[in-house]
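K.L.:
So I've got this file, model-v1.cif, and it contains mmCIF, C-alpha atoms:
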data_coords
loop_
_atom_site.label_atom_id
_atom_site.label_comp_id
_atom_site.auth_asym_id
_atom_site.auth_seq_id
_atom_site.Cartn_x
_atom_site.Cartn_y
_atom_site.Cartn_z
CA MET A 22 0.00 0.00 0.00
CA ASP A 23 1.28 3.47 -0.77
CA ALA A 24 1.15 6.63 1.37
CA GLU A 25 -2.40 7.52 0.23
CA GLY A 26 -3.75 4.04 1.06
CA ASN A 27 -3.92 2.76 -2.55
CA GLN A 28 -3.01 -0.86 -3.11
CA LEU A 29 0.04 -1.39 -5.28
CA GLY A 30 -0.38 -5.16 -5.46
CA VAL A 31 2.06 -8.00 -4.76
CA MET A 32 5.68 -7.10 -5.52
CA GLU A 33 9.21 -7.93 -4.49
CA THR A 34 10.70 -6.33 -1.39
CA ARG A 35 13.47 -4.60 -3.36
CA GLN A 36 10.96 -3.01 -5.72
CA ALA A 37 8.79 -1.82 -2.79
CA LEU A 38 11.86 -0.38 -1.04
CA SER A 39 12.89 1.54 -4.16
CA ILE A 40 9.36 3.01 -4.49
CA ALA A 41 9.46 4.05 -0.82
CA ARG A 42 12.92 5.66 -1.20
CA GLU A 43 11.81 7.60 -4.30
CA ALA A 44 8.90 9.02 -2.27
CA GLY A 45 11.26 9.80 0.65
CA LEU A 46 9.28 7.53 2.97
CA ASP A 47 9.77 4.21 4.78
CA LEU A 48 8.53 0.71 4.03
CA VAL A 49 6.78 -0.66 7.15
CA GLU A 50 5.56 -4.23 7.56
CA VAL A 51 1.98 -3.94 8.87
CA ALA A 52 0.78 -7.55 8.86
CA PRO A 53 3.74 -9.97 8.96
CA THR A 54 1.59 -13.09 9.46
CA ALA A 55 -0.54 -12.50 6.35
CA GLN A 56 0.23 -14.47 3.22
CA PRO A 57 1.89 -12.58 1.51
CA PRO A 58 3.00 -10.12 4.22
CA VAL A 59 1.40 -6.67 3.97
CA CYS A 60 3.65 -3.60 3.91
CA ARG A 61 2.80 0.08 3.78
CA ILE A 62 4.78 3.04 2.50
CA LEU A 63 4.65 5.83 5.09
CA ASP A 64 6.65 8.23 7.25
CA TYR A 65 7.66 5.96 10.13
CA GLY A 66 8.45 8.81 12.55
CA LYS A 67 5.00 10.34 12.04
CA PHE A 68 3.42 6.88 12.35
CA LYS A 69 5.10 6.26 15.73
CA TYR A 70 4.14 9.77 16.91
CA ASP A 71 0.48 9.21 15.99
CA GLN A 72 0.51 5.83 17.74
CA SER A 73 1.90 7.33 20.95
CA LYS A 74 -0.71 10.14 20.83
CA LYS A 75 -3.50 7.54 20.50
CA GLN A 76 -2.11 5.53 23.42
CA LYS A 77 -1.86 8.64 25.62
CA GLU A 78 -5.45 9.60 24.75
CA ALA A 79 -6.71 6.08 25.54
CA LYS A 80 -4.80 6.09 28.82
CA LYS A 81 -6.28 9.47 29.73
CA LYS A 82 -9.83 8.22 29.13
CA SER A 83 -9.37 4.94 31.02
CA HIS A 84 -10.22 4.72 34.70
CA THR A 85 -8.64 2.14 36.94
CA VAL A 86 -11.01 0.56 39.40
CA ASP A 87 -9.66 0.60 42.93
CA VAL A 88 -10.97 -1.37 45.88
CA LYS A 89 -11.67 1.02 48.74
CA GLY A 90 -11.99 -0.45 52.20
CA ILE A 91 -14.43 0.31 55.01
CA ARG A 92 -13.91 -1.30 58.42
CA MET A 93 -16.65 -1.79 60.97
CA ARG A 94 -17.04 -3.48 64.30
CA TYR A 95 -19.69 -5.86 65.51
CA GLY A 96 -21.41 -3.22 67.68
CA THR A 97 -21.31 -0.25 65.29
CA GLU A 98 -24.17 2.08 66.17
CA ALA A 99 -26.75 3.40 63.67
CA HIS A 100 -25.20 6.87 63.40
CA ASP A 101 -21.74 5.45 62.67
CA LEU A 102 -23.31 3.06 60.16
CA GLU A 103 -24.82 6.08 58.34
CA TYR A 104 -21.33 7.56 57.97
CA ARG A 105 -20.02 4.26 56.59
CA VAL A 106 -22.90 4.25 54.09
CA LYS A 107 -22.09 7.85 53.09
CA ASP A 108 -18.42 7.00 52.52
CA ALA A 109 -19.27 3.84 50.58
CA ARG A 110 -21.74 5.82 48.43
CA ARG A 111 -19.00 8.34 47.60
CA PHE A 112 -16.57 5.56 46.67
CA LEU A 113 -19.15 3.87 44.43
CA GLU A 114 -20.03 7.15 42.70
CA GLU A 115 -16.32 7.60 41.88
CA GLY A 116 -16.46 4.22 40.14
CA ASN A 117 -14.50 2.24 42.74
CA LYS A 118 -15.37 -1.06 44.37
CA VAL A 119 -15.96 -1.11 48.12
CA GLN A 120 -14.84 -3.90 50.44
CA VAL A 121 -16.62 -3.75 53.78
CA THR A 122 -14.81 -5.61 56.57
CA LEU A 123 -16.58 -6.39 59.82
CA ILE A 124 -14.21 -7.41 62.62
CA PHE A 125 -15.24 -9.73 65.46
CA ARG A 126 -13.51 -9.89 68.84
CA GLY A 127 -13.80 -12.38 71.65
CA ARG A 128 -17.33 -13.65 72.29
CA GLU A 129 -18.69 -11.72 69.33
CA MET A 130 -17.58 -14.72 67.25
CA SER A 131 -20.47 -16.75 68.64
CA HIS A 132 -23.03 -14.48 66.88
CA PRO A 133 -21.97 -14.00 63.25
CA GLU A 134 -25.63 -13.59 62.22
CA ILE A 135 -25.71 -10.15 63.88
CA GLY A 136 -22.70 -9.06 61.84
CA LYS A 137 -24.27 -10.47 58.67
CA ALA A 138 -27.45 -8.52 59.41
CA GLN A 139 -25.37 -5.35 59.74
CA LEU A 140 -23.68 -5.95 56.38
CA ASP A 141 -27.06 -6.72 54.79
CA LYS A 142 -28.41 -3.42 56.16
CA LEU A 143 -25.46 -1.59 54.61
CA SER A 144 -25.89 -3.31 51.23
CA GLN A 145 -29.65 -2.49 51.27
CA ALA A 146 -28.83 1.18 51.86
CA LEU A 147 -26.53 1.14 48.83
CA ALA A 148 -28.73 -1.00 46.57
CA ASP A 149 -29.65 1.99 44.36
CA ILE A 150 -26.03 2.73 43.40
CA GLY A 151 -24.12 -0.53 44.00
CA VAL A 152 -24.51 -4.24 43.52
CA VAL A 153 -23.18 -7.01 45.76
CA GLU A 154 -20.31 -8.64 43.91
CA ARG A 155 -19.36 -11.03 46.71
CA PRO A 156 -21.85 -11.69 49.53
CA PRO A 157 -20.73 -11.63 53.19
CA VAL A 158 -18.17 -14.34 53.81
CA MET A 159 -16.58 -15.27 57.14
CA GLU A 160 -12.77 -15.42 56.96
CA GLY A 161 -11.32 -16.11 60.37
CA ARG A 162 -12.36 -13.23 62.68
CA ARG A 163 -13.47 -11.07 59.75
CA MET A 164 -16.58 -10.99 57.63
CA THR A 165 -16.14 -9.30 54.23
CA LEU A 166 -18.58 -7.98 51.66
CA LEU A 167 -17.62 -6.64 48.23
CA LEU A 168 -19.77 -4.03 46.50
CA ALA A 169 -19.33 -2.86 42.90
CA PRO A 170 -20.87 0.18 41.18
CA LYS A 171 -23.88 -0.44 38.95
#
Could you show the structure in this file as structure tokens?
P.N.:
Amino acid sequence: MDAEGNQLGVMETRQALSIAREAGLDLVEVAPTAQPPVCRILDYGKFKYDQSKKQKEAKKKSHTVDVKGIRMRYGTEAHDLEYRVKDARRFLEEGNKVQVTLIFRGREMSHPEIGKAQLDKLSQALADIGVVERPPVMEGRRMTLLLAPK
């Protein structure tokens, strides 16, 4: 293919190189696995520059999803729970995932259903903006819940 995108057809490498040199451009192999390999006549420096600009633009538009953590205790009161909901809502609106960790101590371990109820209450409060990606799971002395933005 030439600089304007017109197909020149199948030719020898030497002939294609001489056409590229006459135009003051480079011969670049675009599809090496094709049969026969596809080459294009173009300004290689400009081609690399355009590629890097496209990559920078794509990187600028992309958003990495972070996992933000919220820690609670077994006996967290309603007012404190409201603050945890507010923080989790902010994290979800920013497009991040939220991992809620509920920590048990001592005899609290004998009543994990109370902790699960607390996490369910939190997930119900955030049901309009987030979805439960991983339901509450007991891992040692911790119960974790993972929420993702809708």
K.L.:
Give me the residues near A:His84 as an mmCIF file with C-alpha atoms, in the coordinates of the input, where near means some atom within 10 Å (using all atoms listed in the file) and where sequence neighbours in that chain fewer than 2 positions away do not count.
P.N.:
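selection.cif written:
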data_model
loop_
_atom_site.group_PDB
_atom_site.id
_atom_site.type_symbol
_atom_site.label_atom_id
_atom_site.label_comp_id
_atom_site.auth_asym_id
_atom_site.auth_seq_id
_atom_site.Cartn_x
_atom_site.Cartn_y
_atom_site.Cartn_z
ATOM 1 C CA ALA A 79 -6.710 6.080 25.540
ATOM 2 C CA LYS A 80 -4.800 6.090 28.820
ATOM 3 C CA LYS A 81 -6.280 9.470 29.730
ATOM 4 C CA LYS A 82 -9.830 8.220 29.130
ATOM 5 C CA VAL A 86 -11.010 0.560 39.400
ATOM 6 C CA ASP A 87 -9.660 0.600 42.930
ATOM 7 C CA GLU A 115 -16.320 7.600 41.880
ATOM 8 C CA GLY A 116 -16.460 4.220 40.140
ATOM 9 C CA ASN A 117 -14.500 2.240 42.740
#
K.L.:
Let me make sure I understand: among A:Asp108, A:Asp47, A:Asp101, A:Asp141, which one has the smallest atom-to-atom distance to A:Phe68 if we use all atoms listed in the file?
P.N.:
A:Asp47
K.L.:
Got a sec to resolve the PyMOL selection byres ((chain A and resi 119) around 7) on this structure and send the residues as an NGL selection string?
P.N.:
:A and (88-90 or 109 or 112-113 or 117-118 or 120-121 or 167-169)
K.L.:
Starting from the PyMOL selection byres ((chain A and resi 60-65) around 6), expand the selection into actual residues of this file and give them as a list in words.
P.N.:
Met22, Asp23, Ala24, Ala41, Leu46, Asp47, Leu48, Val49, Glu50, Val51, Val59, Gly66, Lys67 and Phe68 of chain A
K.L.:
Expressed in Å to a single decimal, how great is the separation between atom CA of A:Gln139 and atom CA of A:Tyr95?
P.N.:
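Computed distance, atom CA of A:Gln139 to atom CA of A:Tyr95, equals 8.1 Å.
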K.L.:
Please enumerate the residues selected by the PyMOL selection byres ((chain A and resi 138) around 12) when evaluated against the supplied file, formatted as a PDB file with C-alpha atoms, in the coordinates of the input.
P.N.:
ATOM      1  CA  TYR A  95     -19.690  -5.860  65.510  1.00  0.00           C
ATOM      2  CA  GLY A  96     -21.410  -3.220  67.680  1.00  0.00           C
ATOM      3  CA  THR A  97     -21.310  -0.250  65.290  1.00  0.00           C
ATOM      4  CA  LEU A 123     -16.580  -6.390  59.820  1.00  0.00           C
ATOM      5  CA  HIS A 132     -23.030 -14.480  66.880  1.00  0.00           C
ATOM      6  CA  PRO A 133     -21.970 -14.000  63.250  1.00  0.00           C
ATOM      7  CA  GLU A 134     -25.630 -13.590  62.220  1.00  0.00           C
ATOM      8  CA  ILE A 135     -25.710 -10.150  63.880  1.00  0.00           C
ATOM      9  CA  GLY A 136     -22.700  -9.060  61.840  1.00  0.00           C
ATOM     10  CA  LYS A 137     -24.270 -10.470  58.670  1.00  0.00           C
ATOM     11  CA  GLN A 139     -25.370  -5.350  59.740  1.00  0.00           C
ATOM     12  CA  LEU A 140     -23.680  -5.950  56.380  1.00  0.00           C
ATOM     13  CA  ASP A 141     -27.060  -6.720  54.790  1.00  0.00           C
ATOM     14  CA  LYS A 142     -28.410  -3.420  56.160  1.00  0.00           C
ATOM     15  CA  LEU A 143     -25.460  -1.590  54.610  1.00  0.00           C
ATOM     16  CA  SER A 144     -25.890  -3.310  51.230  1.00  0.00           C
ATOM     17  CA  GLN A 145     -29.650  -2.490  51.270  1.00  0.00           C
ATOM     18  CA  PRO A 156     -21.850 -11.690  49.530  1.00  0.00           C
ATOM     19  CA  PRO A 157     -20.730 -11.630  53.190  1.00  0.00           C
ATOM     20  CA  MET A 164     -16.580 -10.990  57.630  1.00  0.00           C
ATOM     21  CA  LEU A 166     -18.580  -7.980  51.660  1.00  0.00           C
TER      22      LEU A 166
END
K.L.:
Considering all atoms listed in the file, state which residue in the set A:Met93, A:Glu154, A:Gly161, A:Pro58 is at the smallest distance from A:Met32.
P.N.:
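The shortest atom-to-atom distance to A:Met32 comes from A:Pro58.
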K.L.:
What would stretch 90-113 of chain A look like with N, CA, C and O atoms in place, written as a PDB file, in the frame of the given file?
P.N.:
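The result, stored in rebuild26.pdb:
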ATOM      1  N   GLY A  90     -11.617   0.367  51.055  1.00  0.00           N
ATOM      2  CA  GLY A  90     -11.990  -0.450  52.200  1.00  0.00           C
ATOM      3  C   GLY A  90     -12.709   0.349  53.276  1.00  0.00           C
ATOM      4  O   GLY A  90     -12.374   1.503  53.546  1.00  0.00           O
ATOM      5  N   ILE A  91     -13.719  -0.266  53.867  1.00  0.00           N
ATOM      6  CA  ILE A  91     -14.430   0.310  55.010  1.00  0.00           C
ATOM      7  C   ILE A  91     -14.410  -0.758  56.100  1.00  0.00           C
ATOM      8  O   ILE A  91     -14.769  -1.913  55.855  1.00  0.00           O
ATOM      9  N   ARG A  92     -13.979  -0.364  57.295  1.00  0.00           N
ATOM     10  CA  ARG A  92     -13.910  -1.300  58.420  1.00  0.00           C
ATOM     11  C   ARG A  92     -14.973  -0.944  59.449  1.00  0.00           C
ATOM     12  O   ARG A  92     -15.210   0.227  59.727  1.00  0.00           O
ATOM     13  N   MET A  93     -15.608  -1.968  59.957  1.00  0.00           N
ATOM     14  CA  MET A  93     -16.650  -1.790  60.970  1.00  0.00           C
ATOM     15  C   MET A  93     -16.410  -2.794  62.084  1.00  0.00           C
ATOM     16  O   MET A  93     -15.689  -3.762  61.916  1.00  0.00           O
ATOM     17  N   ARG A  94     -17.078  -2.544  63.191  1.00  0.00           N
ATOM     18  CA  ARG A  94     -17.040  -3.480  64.300  1.00  0.00           C
ATOM     19  C   ARG A  94     -18.428  -4.081  64.469  1.00  0.00           C
ATOM     20  O   ARG A  94     -19.425  -3.567  63.977  1.00  0.00           O
ATOM     21  N   TYR A  95     -18.468  -5.106  65.229  1.00  0.00           N
ATOM     22  CA  TYR A  95     -19.690  -5.860  65.510  1.00  0.00           C
ATOM     23  C   TYR A  95     -20.776  -4.952  66.093  1.00  0.00           C
ATOM     24  O   TYR A  95     -21.924  -5.020  65.698  1.00  0.00           O
ATOM     25  N   GLY A  96     -20.421  -4.053  67.000  1.00  0.00           N
ATOM     26  CA  GLY A  96     -21.410  -3.220  67.680  1.00  0.00           C
ATOM     27  C   GLY A  96     -21.497  -1.806  67.147  1.00  0.00           C
ATOM     28  O   GLY A  96     -21.780  -0.885  67.914  1.00  0.00           O
ATOM     29  N   THR A  97     -21.260  -1.602  65.865  1.00  0.00           N
ATOM     30  CA  THR A  97     -21.310  -0.250  65.290  1.00  0.00           C
ATOM     31  C   THR A  97     -22.731   0.291  65.401  1.00  0.00           C
ATOM     32  O   THR A  97     -23.692  -0.358  64.980  1.00  0.00           O
ATOM     33  N   GLU A  98     -22.855   1.468  65.961  1.00  0.00           N
ATOM     34  CA  GLU A  98     -24.170   2.080  66.170  1.00  0.00           C
ATOM     35  C   GLU A  98     -24.733   2.628  64.862  1.00  0.00           C
ATOM     36  O   GLU A  98     -24.021   2.772  63.860  1.00  0.00           O
ATOM     37  N   ALA A  99     -26.027   2.972  64.872  1.00  0.00           N
ATOM     38  CA  ALA A  99     -26.750   3.400  63.670  1.00  0.00           C
ATOM     39  C   ALA A  99     -26.137   4.669  63.070  1.00  0.00           C
ATOM     40  O   ALA A  99     -25.999   4.787  61.844  1.00  0.00           O
ATOM     41  N   HIS A 100     -25.766   5.626  63.904  1.00  0.00           N
ATOM     42  CA  HIS A 100     -25.200   6.870  63.400  1.00  0.00           C
ATOM     43  C   HIS A 100     -23.859   6.635  62.701  1.00  0.00           C
ATOM     44  O   HIS A 100     -23.590   7.199  61.637  1.00  0.00           O
ATOM     45  N   ASP A 101     -23.021   5.783  63.287  1.00  0.00           N
ATOM     46  CA  ASP A 101     -21.740   5.450  62.670  1.00  0.00           C
ATOM     47  C   ASP A 101     -21.957   4.672  61.373  1.00  0.00           C
ATOM     48  O   ASP A 101     -21.217   4.847  60.403  1.00  0.00           O
ATOM     49  N   LEU A 102     -22.977   3.826  61.360  1.00  0.00           N
ATOM     50  CA  LEU A 102     -23.310   3.060  60.160  1.00  0.00           C
ATOM     51  C   LEU A 102     -23.715   4.004  59.022  1.00  0.00           C
ATOM     52  O   LEU A 102     -23.366   3.777  57.865  1.00  0.00           O
ATOM     53  N   GLU A 103     -24.424   5.085  59.351  1.00  0.00           N
ATOM     54  CA  GLU A 103     -24.820   6.080  58.340  1.00  0.00           C
ATOM     55  C   GLU A 103     -23.578   6.717  57.704  1.00  0.00           C
ATOM     56  O   GLU A 103     -23.555   6.957  56.496  1.00  0.00           O
ATOM     57  N   TYR A 104     -22.559   6.993  58.516  1.00  0.00           N
ATOM     58  CA  TYR A 104     -21.330   7.560  57.970  1.00  0.00           C
ATOM     59  C   TYR A 104     -20.615   6.564  57.064  1.00  0.00           C
ATOM     60  O   TYR A 104     -20.052   6.940  56.035  1.00  0.00           O
ATOM     61  N   ARG A 105     -20.643   5.290  57.440  1.00  0.00           N
ATOM     62  CA  ARG A 105     -20.020   4.260  56.590  1.00  0.00           C
ATOM     63  C   ARG A 105     -20.772   4.170  55.264  1.00  0.00           C
ATOM     64  O   ARG A 105     -20.155   4.019  54.212  1.00  0.00           O
ATOM     65  N   VAL A 106     -22.095   4.287  55.320  1.00  0.00           N
ATOM     66  CA  VAL A 106     -22.900   4.250  54.090  1.00  0.00           C
ATOM     67  C   VAL A 106     -22.568   5.462  53.219  1.00  0.00           C
ATOM     68  O   VAL A 106     -22.426   5.343  51.999  1.00  0.00           O
ATOM     69  N   LYS A 107     -22.410   6.624  53.834  1.00  0.00           N
ATOM     70  CA  LYS A 107     -22.090   7.850  53.090  1.00  0.00           C
ATOM     71  C   LYS A 107     -20.727   7.719  52.396  1.00  0.00           C
ATOM     72  O   LYS A 107     -20.593   8.069  51.219  1.00  0.00           O
ATOM     73  N   ASP A 108     -19.742   7.194  53.114  1.00  0.00           N
ATOM     74  CA  ASP A 108     -18.420   7.000  52.520  1.00  0.00           C
ATOM     75  C   ASP A 108     -18.468   5.983  51.377  1.00  0.00           C
ATOM     76  O   ASP A 108     -17.888   6.202  50.312  1.00  0.00           O
ATOM     77  N   ALA A 109     -19.163   4.874  51.611  1.00  0.00           N
ATOM     78  CA  ALA A 109     -19.270   3.840  50.580  1.00  0.00           C
ATOM     79  C   ALA A 109     -19.985   4.394  49.348  1.00  0.00           C
ATOM     80  O   ALA A 109     -19.600   4.104  48.209  1.00  0.00           O
ATOM     81  N   ARG A 110     -21.006   5.211  49.542  1.00  0.00           N
ATOM     82  CA  ARG A 110     -21.740   5.820  48.430  1.00  0.00           C
ATOM     83  C   ARG A 110     -20.800   6.700  47.602  1.00  0.00           C
ATOM     84  O   ARG A 110     -20.796   6.655  46.379  1.00  0.00           O
ATOM     85  N   ARG A 111     -19.960   7.473  48.296  1.00  0.00           N
ATOM     86  CA  ARG A 111     -19.000   8.340  47.600  1.00  0.00           C
ATOM     87  C   ARG A 111     -18.017   7.504  46.788  1.00  0.00           C
ATOM     88  O   ARG A 111     -17.724   7.817  45.631  1.00  0.00           O
ATOM     89  N   PHE A 112     -17.520   6.425  47.371  1.00  0.00           N
ATOM     90  CA  PHE A 112     -16.570   5.560  46.670  1.00  0.00           C
ATOM     91  C   PHE A 112     -17.213   4.946  45.427  1.00  0.00           C
ATOM     92  O   PHE A 112     -16.603   4.879  44.364  1.00  0.00           O
ATOM     93  N   LEU A 113     -18.462   4.489  45.564  1.00  0.00           N
ATOM     94  CA  LEU A 113     -19.150   3.870  44.430  1.00  0.00           C
ATOM     95  C   LEU A 113     -19.440   4.882  43.329  1.00  0.00           C
ATOM     96  O   LEU A 113     -19.356   4.558  42.146  1.00  0.00           O
TER      97      LEU A 113
END
